[in-house]
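Report on the following structure.
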Amino acid sequence: MATVTDRLPNVVAVDCPGSDVENISVDLKENFGNEQFNANKSMLPILFEGSANTWWNPRFASNSVENQLQRCLLPQTLCRFRLALLYIAVSCLLWCIFFAVVRDTNWIPFFTGTLVLLFIVLGILTFSYKKVCERIILHLSITVILILIFADLLSYAYVEPALSAVGTFIGSVEILILLYTFIILPLYVCFTIGVLYSVTFEVLSALTTDMQNPMYVISRILIHVAIHVIGIHIYLMAQVRKRSTFRRVCQSVHLRRNLEVEKQLKRCMIHSLMPPKVAEEIMKLHDHDRDREVSDDDDTGEATRRRRSSVGPEHGRMTFRNFHMSKMENVSILFADIVGFTKMSSKKTAEHLVFLLSDLFGRFDKICVDCNCEKISTLGDCYYCVSGCPEPREDHAKCCVEMGLKMCVAIKQFDQDHKEEVNMRVGVHTGTVLCGLVGTCRFKFDVWSHDVTLANMMESEGKAGMVHISDYTYNCVKDDYIVEEGDPVPDIRIKQLLTEFFDAKSQQFIVQHVSESERTIGTWFIIGHKSAEMDHLEGGQNGAMQPYGRDIANKSTEDGKQPEGGGSAPLKTNDLPNRTGHQETGTTTNEDAKVDEANLSAVGLMGKRETPTHENMDGDGDASGAAIAHLLGQKKQETDRELEEMISKQTEYCLYHPAINHWIVRFRSNKLERKYRKHYVESIGSHQCSCASPHISSLFDTIVSLIFFLLISFCCFISFGPGSPLVIVFVVSLVTLFFLLILNLLNIFKMKGDVNLIDRVRRLFSSWFPRHLFGGFLACLPTLAVYSTFLCGIFTSGESIADRFYCLLAISSLVHFCNFTLLSSWMKSCLAIAGGLVLLILLGIGFCRVTLDNFNSTTSSGMNETALFLSQNPPSHPLFCEIVIDTVLLLLLIFVLNREIEISYRVSYHGDIEAVRDHCQMQTEEKQADWLLHNIVPEHVAEHLKQNKKYSKTHKDIGVIFAKIVNFEDFYDESYQGGKEYLRVLNELMGDFEELFKKPEYHDIEKIKTIGSCLMAASGLNPRSASEDPNAHLCALMNFSYELLHKLEQFNKEIFNFDFEMAIGYNFGEVTAGVVGTTKLLYDIWGDTVNIASRMYSTGVHGRIQVTEDTATRLKDYFDFEHRGQVFVKGKGDMNVFLLAEK
């Protein structure tokens, strides 16, 4: 089989003039996540594929794609906005309760203000469900965040606020996190508002609170910087994953549309080759063989080795190639020949001739479908089909007769349309056939049997403009048609006795057949229908049919003899299985059989698979072009109307209905969950350049963690001094973070090679559970650094605000648990809760308390409200309740944020899996379609058809051969399994011949077709492989012909000891190559060169290669020829011919 290269279109563009989606371009070249760093650009990773590379405002480079994203993600945006409003409302409610219960200084203004804010937020939350909110969501987000900032800064209007510095600072942290995560604004807007807010907050705090110590001011500023760093990181990762997921959605949509095109193209190819049932089995075998394909070429003994089995006791058993052949009875066969084709073709250019054939055969194809027949093939100017095969039907004979009658009418209409003078001669016979495939490449579904040959005889012995039927067909339709008797024809279905005798001359046993006495079959001509009104077949055309009789036959421009120059298949004599099929409608149901001709246009589909938008044909009357234009017009409207809806539905499926259990945040499918847990390790060394890739995302997590830890640690150093525990934690943490940083760099830039110790360590720490254990420890580092400074001496040193700043720093460090976005949200949230509980426990048990009286004697009176760590009853202290609320609200925000982060990452991964699955499925369909396509037309012709929609070309100096097993008919016998096993031998023989096409030295040789036991091939048809030596391909074809003889000789020795003989005819010259048909493609070559090549084998010598005088002259410098003399060639008279000398 010819291998098919994997192809993926670089750009998929869809025009949607009805919306903003004017040009949704999705780059698919990166093969779904295996993008390489571009050496010509910056080594910095891009945010995501298709991004504008604006870190301050992550967006797609295409405005139309960005607008489509915003529309598709609007429900998610509104949901996150409502979630933020709900969180703010819960916070306001808790603070209202706190103010009402504690009733500290100035509690009434704070209670009132918080209550007003609660009602404002609830009002905005209610308004967010209005339709108008969708248009002003951005303005509404800015309004909400400005209201929050104003409300928070308003607390500094009071000299003695109802909240301590801890509460106001933690509130600012929560506002900043909401700003970067849930309030959807562009990053530069978030950053600008956040920085202005932080500066204003710290200035007011330094001016109005007691935290005016420069160390505390610097520390608070550093904490703000840390919050901004982690907020920006979370924002960027959220936007990256959101757009990466949407991009995967777009890829999936386009891939699924392409997949439909590939499936439709494959169905069309199957319709041209074989029935779908046969095709399904063939595809499975083809995929299996392709997976096992080896790189080395087959030598001359490879085919023999496949047939021999040396395993087990059956050491002499023969193993054959896959063979698909079925015996079917009650099948009617129709042959139809164009009378006057030689005269018509002699006056036409190649392009015009191909156009006329395509138009005429396209009409016949339509009639074939209407009459419930199965087209088999066209051989030059001959068209043949069957009914009752591959699916049996009771009215098979009537279907074929109606097909023949309508063909006679159609060709008259063709004459009127094109001002031609041609007619049809139709023959129909009913009997038994073998249907299936022979060969391994450029094969077709075909029928074989003596009854097929009889149907051919019905046509050749018929009259122009009339349908000639046999006795067997007549017995099936005699009640429906008026007939007149014709001349009887010989019944070739005589039984033959297979005998073996010893040939003294050759000193070996010879197998031959002994035939019984000859018989004849009666024939009839259809005159018309017996009923005045024709009973139409199911699925046939409406309208009355005019009688068919001599009036049509008398209008024929030529007699009933077979024309000569019709095409590449003049083998219409008694060559038993002399018609290997090329075309077959391949339908199994009546509904499938009546698929719209335009939707089955293979040429149109091939163009559509390459580009989704096309220009209409110029309307030159080409039937194929009309079908394409119809298909494209229909699909274009569907694209404009449905593309946006398809993307929206797929986005909704991925984002709003993911395959995730939202309670435990894991995939519902255990298999998918296992794959998700392994994907981090499996993606090591993929050299991904997008921030959406797991290892680059992990690298940024590590860098952010390092920055956050250094800032928190610096705050601890300058505020509480470099104690021994802090130094130990700091050193260990730095070593661990740098180790993780190196590990991430190694994962990204993994060098190929043998597995070593470093690789084992890398994979160990990258697997699911070790990575979570290690990552959980890293997430705790800032909090551990803060708790490592916990010394009771800090709170008894007389510093009035040390405990408040310590609580502020400890609670702020919990924000770090939002980092490491690839880790489990439950683990991070549980660790954050544990970190918060440690602080509350330390506060609640009064770990460092002394008697309150002693404490008051050594400190100022203002110390009483803040000396929480030294209080005898901490839970009753107002600051304790405030810190509890601060901690609970922050932990709630961390929990919700971690959950959203993990869900978004899992959704992004699921989108990748869906896109990869669609991509693989599309590639499989594309490979199968290409494989089928290349069994119909050569690869270079298929590429041409994608661009030009039709193909016809005149070639000069083309080599053509016909190689026929001349005595296969003597070998063939239907008395044993209807001849099936004999065709199996033919399949093996053709398979051995076709192995030669795979050899590199014969790359310029194309198999055109097999016609029964005759192989036709040509060289020099592919202009891309043209050599500097114009005789190179002619010499290759001659060597190929010689190897065919050698293959046959080897076959004779190794199988059954049959003495098959081959005659080969060789000629070169000008030919016309083209593709004809609309719903069914057929690649063929025509011309006088082809006809003479066929005469060279039919008049040749068994076991020799016969060539024309021109061929011998052209190749005399390369081969030795011996002059045979003159032979009579039909249509040419006496010709000088030569035989290739022995090598």
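Following the order of the structure tokens, chains are lettered A, B, ..., residues in each are numbered from 1, and ligands are numbered from 1.
For Met325 of chain A, the non-local neighbours within 8 Å, defined as residues at least 6 positions apart in the same chain or in other chains and counting only C-alpha atoms, are Leu434, Cys435, Gly436, Leu437 and Lys980 of chain A.
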Keeping C-alpha atoms, export the residues of the selection given above as a compact mmCIF listing (two decimals), in the first residue's frame.
```txt
# COMPACT_ATOMS: atom_id res chain seq x y z
CA LEU A 434 -18.28 -13.28 -7.63
CA CYS A 435 -17.98 -9.80 -6.18
CA GLY A 436 -15.05 -8.37 -4.29
CA LEU A 437 -11.55 -6.98 -4.59
CA LYS A 980 -13.62 -18.10 -5.88
```
I'd like the neighbourhood of segment 243-258 of chain A as an mmCIF file with N, CA, C and O atoms, in the first residue's frame, where a residue qualifies if any of its atoms comes within 6 Å (using only C-alpha atoms), though same-chain residues fewer than 3 positions away should be ignored.
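This is the output file out-v1.cif:
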```cif
data_model
loop_
_atom_site.group_PDB
_atom_site.id
_atom_site.type_symbol
_atom_site.label_atom_id
_atom_site.label_comp_id
_atom_site.auth_asym_id
_atom_site.auth_seq_id
_atom_site.Cartn_x
_atom_site.Cartn_y
_atom_site.Cartn_z
ATOM 1 N N VAL A 240 -4.585 32.989 30.818
ATOM 2 C CA VAL A 240 -3.909 32.067 29.900
ATOM 3 C C VAL A 240 -4.722 30.792 29.738
ATOM 4 O O VAL A 240 -4.959 30.316 28.619
ATOM 5 N N VAL A 261 -16.041 16.640 6.963
ATOM 6 C CA VAL A 261 -15.625 16.665 5.556
ATOM 7 C C VAL A 261 -14.845 15.397 5.224
ATOM 8 O O VAL A 261 -15.057 14.781 4.172
ATOM 9 N N SER A 908 -9.154 23.104 31.231
ATOM 10 C CA SER A 908 -8.191 23.312 30.158
ATOM 11 C C SER A 908 -7.589 21.987 29.704
ATOM 12 O O SER A 908 -7.442 21.731 28.506
ATOM 13 N N GLY A 911 -10.141 20.139 27.755
ATOM 14 C CA GLY A 911 -10.221 20.701 26.411
ATOM 15 C C GLY A 911 -9.093 20.213 25.530
ATOM 16 O O GLY A 911 -9.291 19.927 24.338
ATOM 17 N N ALA A 915 -9.530 18.079 22.142
ATOM 18 C CA ALA A 915 -8.944 18.528 20.876
ATOM 19 C C ALA A 915 -7.997 17.477 20.295
ATOM 20 O O ALA A 915 -7.995 17.237 19.089
#
```
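Atom pair atom CA of His679 of chain A / atom CA of His772 of chain A: separated by 14.3 Å.
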Exercise. Name the residues in contact with Tyr158 of chain A at a cut-off of 9 Å, using only C-alpha atoms, excluding same-chain residues fewer than 4 positions from it; report them as a ChimeraX atom specification.
Key: /A:106,154,162,208
Could you make a table, as a tab-separated table, of the residues of segment 1101-1124 of chain A that have an atom within 10 Å of an atom of segment 1057-1072 of chain A, each with its nearest atom pair and distance in Å to one decimal, counting only C-alpha atoms, in chain and number order?
```
residue	atom	partner	partner_atom	distance
A:Val1101	CA	A:Ala1063	CA	5.9
A:His1102	CA	A:Ala1063	CA	4.7
A:Gly1103	CA	A:Met1062	CA	5.2
A:Arg1104	CA	A:Ala1063	CA	5.9
A:Ile1105	CA	A:Ile1064	CA	4.7
A:Gln1106	CA	A:Gly1065	CA	5.1
A:Val1107	CA	A:Tyr1066	CA	4.8
A:Thr1108	CA	A:Asn1067	CA	6.1
A:Glu1109	CA	A:Asn1067	CA	9.1
A:Asp1110	CA	A:Phe1068	CA	8.1
A:Thr1111	CA	A:Asn1067	CA	6.2
A:Ala1112	CA	A:Asn1067	CA	9.3
A:Arg1114	CA	A:Phe1068	CA	9.5
```
Selection export as a JSON list (two decimals), in the first residue's frame, atoms kept: C-alpha atoms:
```json
[["chain", "number", "residue", "atom", "x", "y", "z"],
["A", 1101, "VAL", "CA", 4.45, -13.79, -27.88],
["A", 1102, "HIS", "CA", 3.89, -15.63, -24.63],
["A", 1103, "GLY", "CA", 6.64, -14.97, -22.13],
["A", 1104, "ARG", "CA", 8.05, -12.02, -24.11],
["A", 1105, "ILE", "CA", 7.76, -8.23, -24.21],
["A", 1106, "GLN", "CA", 6.63, -6.95, -27.60],
["A", 1107, "VAL", "CA", 7.27, -3.32, -28.56],
["A", 1108, "THR", "CA", 6.69, -1.10, -31.54],
["A", 1109, "GLU", "CA", 9.40, -0.03, -33.94],
["A", 1110, "ASP", "CA", 9.47, 3.49, -32.47],
["A", 1111, "THR", "CA", 10.02, 2.03, -29.00],
["A", 1112, "ALA", "CA", 12.86, -0.19, -30.16],
["A", 1114, "ARG", "CA", 14.13, 5.02, -28.82]]
```
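For the choices A:Glu974, A:Ile903, A:Val941, A:Gly1131, the atom-to-atom distance to Thr342 of chain A is smallest for A:Gly1131 when using only C-alpha atoms.
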